[in-house]
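Coordinates as given in protein_11.tsv (TSV, C-alpha atoms and all ligand atoms):
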chain	number	residue	atom	x	y	z
A	144	MET	CA	5.59	-8.83	-29.04
A	145	ASP	CA	7.23	-11.88	-27.47
A	146	ARG	CA	7.62	-10.37	-24.01
A	147	HIS	CA	4.94	-12.65	-22.49
A	148	LEU	CA	5.55	-15.72	-24.67
A	149	ARG	CA	6.14	-18.18	-21.79
A	150	GLN	CA	3.06	-16.94	-19.98
A	151	ARG	CA	0.88	-17.08	-23.11
A	152	THR	CA	2.06	-20.65	-23.68
A	153	LEU	CA	0.46	-21.71	-20.39
A	154	ALA	CA	-2.76	-23.63	-21.00
A	155	SER	CA	-4.24	-21.75	-18.03
A	156	ILE	CA	-3.66	-18.35	-19.68
A	157	GLY	CA	-3.25	-18.59	-23.47
A	158	ALA	CA	-3.52	-15.72	-25.94
A	159	ALA	CA	-7.02	-14.74	-24.84
A	160	GLY	CA	-6.00	-14.70	-21.18
A	161	GLN	CA	-2.97	-12.57	-21.92
A	162	ARG	CA	-5.22	-10.05	-23.71
A	163	ARG	CA	-7.44	-9.85	-20.62
A	164	ILE	CA	-4.37	-9.31	-18.44
A	165	ALA	CA	-3.15	-6.53	-20.75
A	166	ALA	CA	-6.55	-4.82	-20.63
A	167	ALA	CA	-6.82	-5.01	-16.83
A	168	ARG	CA	-6.74	-2.11	-14.40
A	169	VAL	CA	-5.39	-2.90	-10.94
A	170	ALA	CA	-4.36	-0.96	-7.83
A	171	ILE	CA	-1.72	-1.86	-5.26
A	172	VAL	CA	-2.09	-0.21	-1.86
A	173	GLY	CA	1.25	-0.05	-0.03
A	174	LEU	CA	4.57	-0.53	-1.83
A	175	GLY	CA	6.76	-1.97	0.91
A	176	ALA	CA	8.15	-5.51	0.83
A	177	THR	CA	4.91	-7.32	-0.08
A	178	GLY	CA	3.37	-4.57	-2.21
A	179	GLY	CA	6.64	-4.11	-4.08
A	180	ALA	CA	6.92	-7.83	-4.84
A	181	ILE	CA	3.28	-7.87	-6.00
A	182	ALA	CA	3.80	-4.77	-8.17
A	183	GLU	CA	6.84	-6.22	-9.87
A	184	LEU	CA	5.14	-9.57	-10.58
A	185	LEU	CA	2.07	-7.80	-12.01
A	186	ALA	CA	4.18	-5.47	-14.16
A	187	ARG	CA	6.27	-8.31	-15.57
A	188	ALA	CA	3.07	-10.33	-16.18
A	189	GLY	CA	1.86	-7.47	-18.38
A	190	VAL	CA	-1.08	-6.07	-16.38
A	191	GLY	CA	-1.87	-3.02	-18.52
A	192	ARG	CA	-2.70	-0.37	-15.94
A	193	LEU	CA	-1.25	-0.25	-12.45
A	194	ARG	CA	-2.12	2.35	-9.84
A	195	LEU	CA	0.65	2.53	-7.25
A	196	ILE	CA	-0.46	3.94	-3.90
A	197	ASP	CA	1.88	4.62	-0.99
A	198	ARG	CA	2.10	7.52	1.47
A	199	ASP	CA	5.71	6.99	2.55
A	200	VAL	CA	9.25	7.84	1.44
A	201	VAL	CA	12.14	5.39	0.89
A	202	GLU	CA	14.57	4.88	3.79
A	203	THR	CA	17.82	2.94	4.00
A	204	HIS	CA	16.42	0.23	6.30
A	205	ASN	CA	13.77	-0.57	3.64
A	206	LEU	CA	16.40	-1.75	1.17
A	207	ALA	CA	16.96	-5.19	2.71
A	208	ARG	CA	13.47	-6.33	1.64
A	209	GLN	CA	11.85	-3.73	-0.60
A	210	ARG	CA	13.07	-4.69	-4.04
A	211	LEU	CA	11.84	-1.77	-6.11
A	212	PHE	CA	14.11	0.76	-4.39
A	213	THR	CA	17.77	1.69	-4.58
A	214	ASP	CA	20.29	3.35	-2.31
A	215	ARG	CA	19.85	6.57	-4.31
A	216	ASP	CA	16.07	6.53	-3.65
A	217	ALA	CA	16.80	6.32	0.09
A	218	ARG	CA	19.43	9.09	0.04
A	219	LEU	CA	16.96	11.40	-1.72
A	220	ALA	CA	14.06	10.25	0.51
A	221	ARG	CA	11.96	9.81	-2.63
A	222	PRO	CA	8.26	8.98	-2.36
A	223	LYS	CA	7.84	5.22	-2.74
A	224	ALA	CA	5.04	5.65	-5.29
A	225	ILE	CA	7.31	7.73	-7.54
A	226	ALA	CA	10.42	5.56	-7.15
A	227	ALA	CA	8.37	2.39	-7.76
A	228	THR	CA	6.83	3.87	-10.90
A	229	GLU	CA	10.25	4.73	-12.30
A	230	ARG	CA	11.53	1.22	-11.60
A	231	LEU	CA	8.50	-0.49	-13.18
A	232	ARG	CA	8.63	1.81	-16.21
A	233	ALA	CA	12.24	0.73	-16.74
A	234	ILE	CA	11.06	-2.91	-16.69
A	235	ASP	CA	8.22	-2.36	-19.18
A	236	PRO	CA	7.80	1.07	-20.81
A	237	GLY	CA	4.54	-0.09	-22.40
A	238	LEU	CA	2.58	-0.16	-19.13
A	239	GLN	CA	0.29	2.63	-17.95
A	240	LEU	CA	1.50	3.47	-14.46
A	241	GLU	CA	-0.33	5.85	-12.15
A	242	PRO	CA	1.70	6.87	-9.08
A	243	ALA	CA	-0.26	8.14	-6.06
A	244	PRO	CA	1.96	9.35	-3.18
A	245	VAL	CA	-1.12	9.84	-1.01
A	246	ASP	CA	-2.42	8.54	2.34
A	247	LEU	CA	-5.35	6.17	1.74
A	248	THR	CA	-8.12	7.22	4.16
A	249	SER	CA	-11.91	7.27	4.14
A	250	ARG	CA	-11.60	10.79	2.69
A	251	THR	CA	-9.22	9.95	-0.19
A	252	ILE	CA	-10.26	6.39	-1.05
A	253	ASP	CA	-12.91	7.26	-3.68
A	254	ASP	CA	-10.44	9.32	-5.68
A	255	LEU	CA	-7.66	6.75	-5.31
A	256	LEU	CA	-9.54	3.59	-6.24
A	257	GLY	CA	-12.16	4.45	-8.88
A	258	PRO	CA	-13.13	1.76	-11.44
A	259	LEU	CA	-10.81	-1.23	-11.09
A	260	ASP	CA	-10.72	-4.96	-11.83
A	261	CYS	CA	-8.91	-5.82	-8.62
A	262	VAL	CA	-7.11	-4.26	-5.62
A	263	PHE	CA	-4.01	-5.79	-3.99
A	264	ASP	CA	-3.22	-5.26	-0.32
A	265	GLY	CA	0.40	-4.36	0.39
A	266	THR	CA	-0.39	-2.59	3.67
A	267	ASP	CA	0.89	-3.48	7.12
A	268	ASN	CA	-2.17	-2.75	9.28
A	269	PHE	CA	-5.73	-3.98	9.73
A	270	GLU	CA	-7.27	-0.53	9.98
A	271	THR	CA	-6.39	0.16	6.33
A	272	ARG	CA	-7.37	-3.37	5.29
A	273	LEU	CA	-10.81	-3.03	6.86
A	274	LEU	CA	-11.23	0.32	5.10
A	275	LEU	CA	-10.28	-1.38	1.81
A	276	ASN	CA	-12.74	-4.18	2.61
A	277	ASP	CA	-15.57	-1.69	3.20
A	278	TRP	CA	-14.86	0.16	-0.05
A	279	CYS	CA	-14.47	-2.99	-2.16
A	280	VAL	CA	-17.65	-4.61	-0.78
A	281	GLU	CA	-19.54	-1.34	-1.32
A	282	HIS	CA	-18.37	-1.07	-4.95
A	283	GLY	CA	-18.27	-4.80	-5.80
A	284	VAL	CA	-14.53	-4.79	-6.58
A	285	PRO	CA	-12.55	-7.96	-5.75
A	286	TRP	CA	-9.50	-7.50	-3.54
A	287	ILE	CA	-6.70	-9.71	-2.27
A	288	TYR	CA	-5.65	-9.58	1.38
A	289	THR	CA	-1.98	-10.40	1.96
A	290	GLY	CA	-0.27	-10.56	5.34
A	291	VAL	CA	3.26	-11.62	6.23
A	292	VAL	CA	4.70	-11.94	9.72
A	293	GLY	CA	7.69	-13.96	10.90
A	294	GLU	CA	8.05	-16.92	8.54
A	295	SER	CA	4.37	-17.18	7.65
A	296	ALA	CA	2.37	-15.86	4.72
A	297	HIS	CA	-1.42	-15.40	4.58
A	298	THR	CA	-3.56	-14.53	1.61
A	299	LEU	CA	-7.32	-14.45	1.00
A	300	THR	CA	-9.07	-13.33	-2.18
A	301	ILE	CA	-12.34	-11.54	-1.49
A	302	VAL	CA	-15.01	-11.45	-4.19
A	303	PRO	CA	-17.86	-9.25	-2.91
A	304	GLY	CA	-21.25	-10.94	-3.08
A	305	ARG	CA	-19.70	-14.37	-3.69
A	306	SER	CA	-17.10	-15.17	-1.03
A	307	ALA	CA	-16.32	-14.24	2.56
A	308	CYS	CA	-15.13	-10.69	3.15
A	309	LEU	CA	-12.36	-9.75	5.57
A	310	ARG	CA	-14.88	-9.02	8.34
A	311	CYS	CA	-16.44	-12.49	7.95
A	312	TYR	CA	-12.98	-13.77	8.84
A	313	MET	CA	-12.00	-11.04	11.31
A	314	PRO	CA	-14.99	-9.02	12.63
A	315	GLU	CA	-12.86	-6.40	14.40
A	316	PRO	CA	-9.23	-5.28	14.07
A	317	PRO	CA	-7.06	-7.05	16.66
A	318	PRO	CA	-6.33	-4.83	19.68
A	319	PRO	CA	-2.83	-3.27	19.60
A	320	GLY	CA	-0.23	-5.67	20.97
A	321	SER	CA	-2.51	-8.74	20.74
A	322	VAL	CA	-1.03	-10.27	17.58
A	323	PRO	CA	2.57	-10.59	16.43
A	324	THR	CA	3.72	-7.87	14.04
A	325	CYS	CA	6.76	-7.48	11.84
A	326	GLU	CA	8.20	-5.31	14.63
A	327	SER	CA	7.73	-7.88	17.41
A	328	ALA	CA	8.30	-11.07	15.41
A	329	GLY	CA	10.46	-9.92	12.49
A	330	VAL	CA	9.82	-10.90	8.90
A	331	LEU	CA	11.51	-13.34	6.53
A	332	GLY	CA	11.88	-12.06	2.98
A	333	ALA	CA	11.16	-15.52	1.56
A	334	ALA	CA	7.73	-15.49	3.24
A	335	VAL	CA	7.04	-12.16	1.52
A	336	ASP	CA	7.76	-13.74	-1.86
A	337	VAL	CA	5.51	-16.74	-1.15
A	338	ALA	CA	2.63	-14.46	-0.11
A	339	ALA	CA	3.12	-12.22	-3.15
A	340	GLY	CA	3.32	-15.25	-5.45
A	341	PHE	CA	0.04	-16.76	-4.21
A	342	ALA	CA	-1.71	-13.38	-4.26
A	343	VAL	CA	-0.61	-12.53	-7.80
A	344	ALA	CA	-1.44	-16.03	-9.12
A	345	ASP	CA	-4.98	-15.68	-7.74
A	346	GLY	CA	-5.24	-12.15	-9.13
A	347	LEU	CA	-4.19	-13.28	-12.62
A	348	ARG	CA	-6.65	-16.17	-12.45
A	349	LEU	CA	-9.36	-13.68	-11.52
A	350	LEU	CA	-8.49	-11.52	-14.54
A	351	VAL	CA	-8.32	-14.50	-16.91
A	352	GLU	CA	-11.22	-16.66	-15.71
A	353	GLY	CA	-13.42	-14.15	-13.90
A	354	PRO	CA	-14.36	-13.69	-10.23
A	355	SER	CA	-16.20	-17.01	-9.91
A	356	ALA	CA	-12.87	-18.86	-10.26
A	357	VAL	CA	-11.37	-17.49	-7.03
A	358	GLY	CA	-12.21	-16.49	-3.47
A	359	GLY	CA	-13.15	-18.03	-0.16
A	360	ARG	CA	-9.98	-19.92	0.68
A	361	LEU	CA	-7.39	-18.58	3.09
A	362	LEU	CA	-3.89	-19.74	2.21
A	363	VAL	CA	-1.51	-20.06	5.16
A	364	ALA	CA	2.10	-21.04	4.45
A	365	ASP	CA	5.03	-21.40	6.84
A	366	VAL	CA	8.09	-21.26	4.61
A	367	TRP	CA	10.52	-22.20	7.42
A	368	HIS	CA	8.74	-25.43	8.38
A	369	ARG	CA	7.62	-26.18	4.80
A	370	GLY	CA	3.94	-26.28	5.65
A	371	ALA	CA	1.02	-24.82	3.75
A	372	ARG	CA	-2.71	-25.23	4.06
A	373	SER	CA	-5.74	-23.78	2.38
A	374	VAL	CA	-8.69	-23.20	4.70
A	375	VAL	CA	-12.26	-22.50	3.58
A	376	VAL	CA	-13.56	-19.23	5.05
A	377	GLU	CA	-17.37	-19.28	5.06
A	378	ARG	CA	-19.43	-16.14	4.69
A	379	ASP	CA	-20.82	-15.00	8.03
A	380	PRO	CA	-24.62	-14.59	7.60
A	381	ASP	CA	-24.41	-11.91	10.29
A	382	CYS	CA	-21.26	-10.16	8.98
A	383	PRO	CA	-21.49	-6.44	9.83
A	384	CYS	CA	-20.00	-5.48	6.46
A	385	CYS	CA	-21.14	-7.86	3.69
A	386	ALA	CA	-24.39	-9.13	5.31
A	387	ARG	CA	-25.69	-6.17	7.34
A	388	GLY	CA	-24.27	-3.49	5.02
A	389	GLN	CA	-22.47	-1.47	7.68
A	390	ARG	CA	-19.40	0.34	6.40
A	391	ALA	CA	-17.96	1.45	9.72
A	392	PHE	CA	-14.43	2.03	8.41
A	393	LEU	CA	-15.57	3.88	5.29
A	394	ARG	CA	-17.80	6.15	7.38
A	395	ALA	CA	-15.16	6.80	10.06
A	396	ALA	CA	-13.76	10.30	10.21
A	397	ALA	CA	-10.64	10.51	8.10
A	398	VAL	CA	-8.91	12.97	10.37
A	399	ARG	CA	-6.52	10.94	12.41
A	400	GLU	CA	-4.09	11.69	15.13
A	401	ALA	CA	-0.36	11.84	14.60
A	402	GLU	CA	0.91	8.27	14.71
A	403	PRO	CA	4.36	6.78	15.23
A	404	LEU	CA	5.32	4.75	12.15
A	405	CYS	CA	5.68	1.04	12.93
A	406	GLY	CA	9.10	0.11	14.27
A	407	ARG	CA	10.70	3.34	13.17
A	408	ASP	CA	12.02	6.51	14.66
A	409	ALA	CA	9.41	8.51	12.77
A	410	VAL	CA	5.94	10.03	13.13
A	411	HIS	CA	3.29	10.51	10.45
A	412	LEU	CA	1.30	13.74	10.74
A	413	PRO	CA	-1.93	13.75	8.73
A	414	ALA	CA	-2.97	16.86	6.82
A	415	PRO	CA	-4.45	19.46	9.18
A	416	PRO	CA	-8.26	19.37	9.54
A	417	GLY	CA	-9.92	21.39	6.81
A	418	PHE	CA	-6.93	21.12	4.51
A	419	ASP	CA	-8.31	20.20	1.13
A	420	GLY	CA	-6.51	20.24	-2.18
A	421	ALA	CA	-2.81	20.35	-2.84
A	422	LEU	CA	0.19	22.53	-2.05
A	423	SER	CA	1.42	24.00	-5.33
A	424	SER	CA	5.09	23.83	-6.31
A	425	ASP	CA	5.24	27.63	-5.91
A	426	ARG	CA	4.00	27.45	-2.34
A	427	LEU	CA	6.47	24.69	-1.48
A	428	GLU	CA	9.30	26.72	-3.03
A	429	ALA	CA	8.29	29.82	-1.05
A	430	LEU	CA	8.23	27.76	2.14
A	431	ALA	CA	11.68	26.36	1.30
A	432	GLN	CA	13.08	29.89	1.02
A	433	ARG	CA	11.58	30.85	4.37
A	434	LEU	CA	13.03	27.72	6.01
A	435	ARG	CA	16.51	28.54	4.68
A	436	ALA	CA	16.18	32.03	6.12
A	437	MET	CA	15.15	30.49	9.47
A	438	GLY	CA	18.36	28.41	9.52
A	439	ALA	CA	17.02	25.01	8.44
A	440	GLU	CA	19.59	22.72	6.83
A	441	ARG	CA	19.56	20.54	3.70
A	442	VAL	CA	16.39	22.24	2.45
A	443	ARG	CA	15.29	20.97	-0.95
A	444	CYS	CA	12.18	20.60	-3.07
A	445	ALA	CA	12.13	17.57	-5.33
A	446	GLU	CA	9.32	15.65	-6.98
A	447	ARG	CA	6.74	17.87	-5.28
A	448	LEU	CA	8.15	17.11	-1.84
A	449	LEU	CA	9.84	19.48	0.55
A	450	HIS	CA	12.60	18.15	2.81
A	451	PHE	CA	14.61	19.87	5.52
A	452	GLU	CA	16.52	19.19	8.70
A	453	ALA	CA	16.69	21.15	11.93
A	454	GLU	CA	17.11	20.51	15.66
A	455	GLY	CA	18.41	17.02	14.87
A	456	LEU	CA	15.10	16.06	13.17
A	457	ALA	CA	14.18	15.71	9.49
A	458	LEU	CA	10.82	16.61	7.98
A	459	SER	CA	9.27	15.68	4.61
A	460	LEU	CA	6.18	17.66	3.60
A	461	PHE	CA	3.89	16.15	0.95
A	462	PRO	CA	1.78	18.22	-1.45
A	463	ASP	CA	-1.40	16.77	0.12
A	464	GLY	CA	-0.52	18.45	3.42
A	465	ARG	CA	0.83	15.40	5.26
A	466	ALA	CA	4.24	15.34	6.87
A	467	ILE	CA	6.65	12.70	8.14
A	468	VAL	CA	9.06	13.69	10.91
A	469	ARG	CA	12.10	11.45	11.35
A	470	GLY	CA	14.38	11.29	14.35
A	471	THR	CA	11.66	10.89	16.98
A	472	ALA	CA	8.87	8.41	17.76
A	473	GLU	CA	7.03	10.89	20.02
A	474	PRO	CA	3.93	12.35	18.32
A	475	ALA	CA	3.92	15.43	20.58
A	476	ARG	CA	7.53	16.31	19.77
A	477	ALA	CA	6.92	15.77	16.05
A	478	ARG	CA	3.80	17.94	16.12
A	479	SER	CA	5.47	20.84	17.90
A	480	PHE	CA	8.53	20.63	15.62
A	481	CYS	CA	6.25	20.79	12.58
A	482	ALA	CA	4.31	23.69	14.07
A	483	ARG	CA	7.51	25.65	14.82
A	484	TRP	CA	9.06	25.26	11.38
A	485	VAL	CA	6.18	24.78	8.95
A	486	GLY	CA	3.58	26.74	10.91
A	487	ARG	CA	0.82	24.22	11.34
A	501	ZN	ZN	-18.40	-10.32	5.38

Please go through the file and, once you have read it, give me the structure as C-alpha cells.
Amino acid sequence: MDRHLRQRTLASIGAAGQRRIAAARVAIVGLGATGGAIAELLARAGVGRLRLIDRDVVETHNLARQRLFTDRDARLARPKAIAATERLRAIDPGLQLEPAPVDLTSRTIDDLLGPLDCVFDGTDNFETRLLLNDWCVEHGVPWIYTGVVGESAHTLTIVPGRSACLRCYMPEPPPPGSVPTCESAGVLGAAVDVAAGFAVADGLRLLVEGPSAVGGRLLVADVWHRGARSVVVERDPDCPCCARGQRAFLRAAAVREAEPLCGRDAVHLPAPPGFDGALSSDRLEALAQRLRAMGAERVRCAERLLHFEAEGLALSLFPDGRAIVRGTAEPARARSFCARWVGR
C-alpha cells in the first residue's frame, strides 16, 4: 500500500492523482534506451496498464544503455517486449503488462494501440513517429515525442485538437543523411535519462491534471553544456495532418522493403506480402526440425521465436512472419539467405 507514498505526498499528485495514474492505460512504442527508461519510470510510478511494443530482439551491444535487459537476454536473443515485461513484472507484480513483440506499421497500428490515455515514443526514426502522429491525431490520443542524439534531448507533448502536432513542427521526415543520428553522432546515456524524465513528468501531469495542462512546448536540453530551453511550437493552420486532415503515413502501404537496421550488422525483413495472422508454435517447431535436417546450427524455438545459424549468419523468425538476419547489412544477401533456409 505504501509503494507510492513519496509520490502521493507530492502536492502536484496527491491521493487522487495517484488513483488516476493507477487507472491509466499507456503504450510505449520502442523499448531501446529511451523507451526502456520511460517504461521503467512509468512502472515504478504505478501506471496501471502498460503496453510494451518492440519488434526487435536483445543484443549484447544494447546492454551499455538499455537498462531493462541483461546479458542472459542477449545470449538468448530474447524479444525486447518479452524481456522488458519480465523485468517490469519483477519490479511491480501488481501492474498489468501487455507485451507486443510486433512491428508497428500502418497495418498493425490499430490492433496495437486501441483505447489509451497516452502513447510514449521510444522509437529511433521519423517514419514511425509520423505514423504515430497520424494515428494519435485521428483518434484524439495524446502522445509524447522523445528524441535523443549526441548530448541533446528533445521532447514535445502532442495533444490532438489543442496543441501542435509533430507535422506542425516537422512537415516531412528529414531526408536520409540530412540530420545527425545516433549512428553518426553517438548518444550519451545521460541525455537519454533527461529526455525520459521530462517525457514521463509531462505524461504523469497529463494523467493527473488532464490534457489541457500539457502540450505545445518543445523541450531541448544539452546535458553536456548544461543548457535547456522550452520553445513554444504553434499549430500550423495549414498543417497537412491536424489542419487538413491528411493521414499520409497511416494510409501508406504497410508492406515495406527489407531494411538494414540502424548502425548494426543486421537486416529486418518484413512479413511477406499477403501474410496475415500468426505462425503457430507447431509450425515453428516443424520448421525447426526441417532446419536441423538441412544442417542449420543452434536451432531453437523459445518464447514463440525460432532462431538458427547457418553460412555464418543468424536468423530470428517472429510469429508474425517477420525475420531479422544478423551478420550482414546487405538486404539482398539477407533476403536470399532467408529464402534458401526458411523458404520465403
Ligand atoms: Zn499539425

Neighbours of ligand ZN 501 (chain A) at 12 Å or closer, counting all atoms listed in the file: which residues, as a tab-separated table (two decimals) with C-alpha atoms, keeping the file's coordinate frame?
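Saved result, selection.tsv, follows:
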chain	number	residue	atom	x	y	z
A	273	LEU	CA	-10.81	-3.03	6.86
A	276	ASN	CA	-12.74	-4.18	2.61
A	277	ASP	CA	-15.57	-1.69	3.20
A	279	CYS	CA	-14.47	-2.99	-2.16
A	280	VAL	CA	-17.65	-4.61	-0.78
A	281	GLU	CA	-19.54	-1.34	-1.32
A	301	ILE	CA	-12.34	-11.54	-1.49
A	302	VAL	CA	-15.01	-11.45	-4.19
A	303	PRO	CA	-17.86	-9.25	-2.91
A	304	GLY	CA	-21.25	-10.94	-3.08
A	305	ARG	CA	-19.70	-14.37	-3.69
A	306	SER	CA	-17.10	-15.17	-1.03
A	307	ALA	CA	-16.32	-14.24	2.56
A	308	CYS	CA	-15.13	-10.69	3.15
A	309	LEU	CA	-12.36	-9.75	5.57
A	310	ARG	CA	-14.88	-9.02	8.34
A	311	CYS	CA	-16.44	-12.49	7.95
A	312	TYR	CA	-12.98	-13.77	8.84
A	313	MET	CA	-12.00	-11.04	11.31
A	314	PRO	CA	-14.99	-9.02	12.63
A	315	GLU	CA	-12.86	-6.40	14.40
A	359	GLY	CA	-13.15	-18.03	-0.16
A	376	VAL	CA	-13.56	-19.23	5.05
A	377	GLU	CA	-17.37	-19.28	5.06
A	378	ARG	CA	-19.43	-16.14	4.69
A	379	ASP	CA	-20.82	-15.00	8.03
A	380	PRO	CA	-24.62	-14.59	7.60
A	381	ASP	CA	-24.41	-11.91	10.29
A	382	CYS	CA	-21.26	-10.16	8.98
A	383	PRO	CA	-21.49	-6.44	9.83
A	384	CYS	CA	-20.00	-5.48	6.46
A	385	CYS	CA	-21.14	-7.86	3.69
A	386	ALA	CA	-24.39	-9.13	5.31
A	387	ARG	CA	-25.69	-6.17	7.34
A	388	GLY	CA	-24.27	-3.49	5.02
A	389	GLN	CA	-22.47	-1.47	7.68
A	390	ARG	CA	-19.40	0.34	6.40

Coordinates-based distance that separates CA of Ser479 in chain A from CA of Leu449 in chain A (Å, one decimal) =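 For CA of Leu449 in chain A relative to CA of Ser479 in chain A, the distance reads 17.9 Å.
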
Dump as a Markdown table the rows for residues of range 324-389 of chain A within 12 Å of range 182-190 of chain A: closest atom pair and distance in Å with one decimal, all atoms listed in the file counted, ordered by chain and rising residue number.
| residue | atom | partner | partner_atom | distance |
| --- | --- | --- | --- | --- |
| A:Asp336 | CA | A:Leu184 | CA | 10.0 |
| A:Val337 | CA | A:Leu184 | CA | 11.9 |
| A:Ala338 | CA | A:Leu184 | CA | 11.8 |
| A:Ala339 | CA | A:Leu184 | CA | 8.1 |
| A:Gly340 | CA | A:Leu184 | CA | 7.9 |
| A:Phe341 | CA | A:Leu184 | CA | 10.9 |
| A:Ala342 | CA | A:Leu184 | CA | 10.1 |
| A:Val343 | CA | A:Leu185 | CA | 6.9 |
| A:Ala344 | CA | A:Leu184 | CA | 9.3 |
| A:Asp345 | CA | A:Leu185 | CA | 11.4 |
| A:Gly346 | CA | A:Leu185 | CA | 9.0 |
| A:Leu347 | CA | A:Leu185 | CA | 8.3 |
| A:Arg348 | CA | A:Ala188 | CA | 11.9 |
| A:Leu350 | CA | A:Val190 | CA | 9.4 |
| A:Val351 | CA | A:Val190 | CA | 11.1 |

Please provide the set of residues having any atom within 10 Å of Pro323 in chain A, restricted to all atoms listed in the file, with same-chain residues fewer than 6 positions apart removed, written as a short mmCIF file (atom, residue, chain, number, x, y, z; two decimals) with C-alpha atoms, keeping the file's coordinate frame.
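Dumped to part19.cif:
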data_model
loop_
_atom_site.label_atom_id
_atom_site.label_comp_id
_atom_site.auth_asym_id
_atom_site.auth_seq_id
_atom_site.Cartn_x
_atom_site.Cartn_y
_atom_site.Cartn_z
CA VAL A 292 4.70 -11.94 9.72
CA GLY A 293 7.69 -13.96 10.90
CA GLY A 329 10.46 -9.92 12.49
#

Need to verify the contact set: Glu270 in chain A, 8 Å, all atoms listed in the file, exclusion of same-chain residues closer than 2 positions in sequence. Can you return it as a PDB file with C-alpha atoms, in the frame of the given file?
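Once everything was written out, this is result_4.pdb:
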ATOM      1  CA  ASN A 268      -2.170  -2.750   9.280  1.00  0.00           C
ATOM      2  CA  ARG A 272      -7.370  -3.370   5.290  1.00  0.00           C
ATOM      3  CA  LEU A 273     -10.810  -3.030   6.860  1.00  0.00           C
ATOM      4  CA  LEU A 274     -11.230   0.320   5.100  1.00  0.00           C
ATOM      5  CA  PRO A 316      -9.230  -5.280  14.070  1.00  0.00           C
ATOM      6  CA  PHE A 392     -14.430   2.030   8.410  1.00  0.00           C
TER       7      PHE A 392
END

Among listed residues A:Ile156, A:Leu448, A:Ala453, A:Val410, nearest Arg478 in chain A (using all atoms listed in the file) =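 Of A:Ile156, A:Leu448, A:Ala453, A:Val410, the one nearest Arg478 in chain A, counting all atoms listed in the file, is A:Val410.
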
What does the distance between CA of Val200 in chain A and CA of Ala429 in chain A come to in Å, to one decimal place?
->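 Interatomic distance here is 22.1 Å.
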
Restrict the calculation to all atoms listed in the file, then for each residue of range 282-378 of chain A with any atom at most 7 Å from an atom of range 246-262 of chain A give the closest atom pair and their distance in Å to one decimal, rows by chain and rising residue number, as CSV.
residue,atom,partner,partner_atom,distance
A:Val284,CA,A:Cys261,CA,6.1
A:Pro285,CA,A:Cys261,CA,5.1
A:Trp286,CA,A:Val262,CA,4.5
A:Ile287,CA,A:Val262,CA,6.4

Atom-to-atom span, CA of Arg435 in chain A and CA of Leu458 in chain A, Å | 13.6 Å

Can you sort out the box for range 224-227 of chain A, edges along x, y and z, all listed atoms in, 8 Å on every side, with centre and edge lengths in Å to one decimal, as JSON?
{"center_x": 7.7, "center_y": 5.1, "center_z": -6.5, "size_x": 21.4, "size_y": 21.3, "size_z": 18.5}

With a distance cut-off of 12 Å and only C-alpha atoms, select the neighbouring residues of Pro236 in chain A, excluding the residue or stretch itself and same-chain residues fewer than 2 positions from it, and output the selection as a ChimeraX atom specification.
-> /A:146,186-187,189,191-192,228-234,238-240

Could those selected residues go to a file with C-alpha atoms, as a PDB file, in the coordinates of the input?
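again.pdb written:
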ATOM      1  CA  ARG A 146       7.620 -10.370 -24.010  1.00  0.00           C
ATOM      2  CA  ALA A 186       4.180  -5.470 -14.160  1.00  0.00           C
ATOM      3  CA  ARG A 187       6.270  -8.310 -15.570  1.00  0.00           C
ATOM      4  CA  GLY A 189       1.860  -7.470 -18.380  1.00  0.00           C
ATOM      5  CA  GLY A 191      -1.870  -3.020 -18.520  1.00  0.00           C
ATOM      6  CA  ARG A 192      -2.700  -0.370 -15.940  1.00  0.00           C
ATOM      7  CA  THR A 228       6.830   3.870 -10.900  1.00  0.00           C
ATOM      8  CA  GLU A 229      10.250   4.730 -12.300  1.00  0.00           C
ATOM      9  CA  ARG A 230      11.530   1.220 -11.600  1.00  0.00           C
ATOM     10  CA  LEU A 231       8.500  -0.490 -13.180  1.00  0.00           C
ATOM     11  CA  ARG A 232       8.630   1.810 -16.210  1.00  0.00           C
ATOM     12  CA  ALA A 233      12.240   0.730 -16.740  1.00  0.00           C
ATOM     13  CA  ILE A 234      11.060  -2.910 -16.690  1.00  0.00           C
ATOM     14  CA  LEU A 238       2.580  -0.160 -19.130  1.00  0.00           C
ATOM     15  CA  GLN A 239       0.290   2.630 -17.950  1.00  0.00           C
ATOM     16  CA  LEU A 240       1.500   3.470 -14.460  1.00  0.00           C
TER      17      LEU A 240
END

Residue nearest Thr324 in chain A among A:Val291, A:Ile164, A:Val357, A:Leu195 (counting all atoms listed in the file) = A:Val291

Give me the residues within 7 Å of range 465-476 of chain A as a tab-separated table (two decimals) with C-alpha atoms, in the frame of the given file, counting all atoms listed in the file and dropping any in the same chain fewer than 4 places off.
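As a result, around-v5.tsv now contains:
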chain	number	residue	atom	x	y	z
A	401	ALA	CA	-0.36	11.84	14.60
A	402	GLU	CA	0.91	8.27	14.71
A	403	PRO	CA	4.36	6.78	15.23
A	408	ASP	CA	12.02	6.51	14.66
A	409	ALA	CA	9.41	8.51	12.77
A	410	VAL	CA	5.94	10.03	13.13
A	411	HIS	CA	3.29	10.51	10.45
A	412	LEU	CA	1.30	13.74	10.74
A	413	PRO	CA	-1.93	13.75	8.73
A	414	ALA	CA	-2.97	16.86	6.82
A	456	LEU	CA	15.10	16.06	13.17
A	457	ALA	CA	14.18	15.71	9.49
A	458	LEU	CA	10.82	16.61	7.98
A	459	SER	CA	9.27	15.68	4.61
A	460	LEU	CA	6.18	17.66	3.60
A	461	PHE	CA	3.89	16.15	0.95
A	480	PHE	CA	8.53	20.63	15.62

Ala243 in chain A: which residues within 7 Å, counting all atoms listed in the file, same-chain residues fewer than 4 positions away excluded, as a list of chain:residue names?
-> A:Leu195, A:Ile196, A:Asp197, A:Ala224
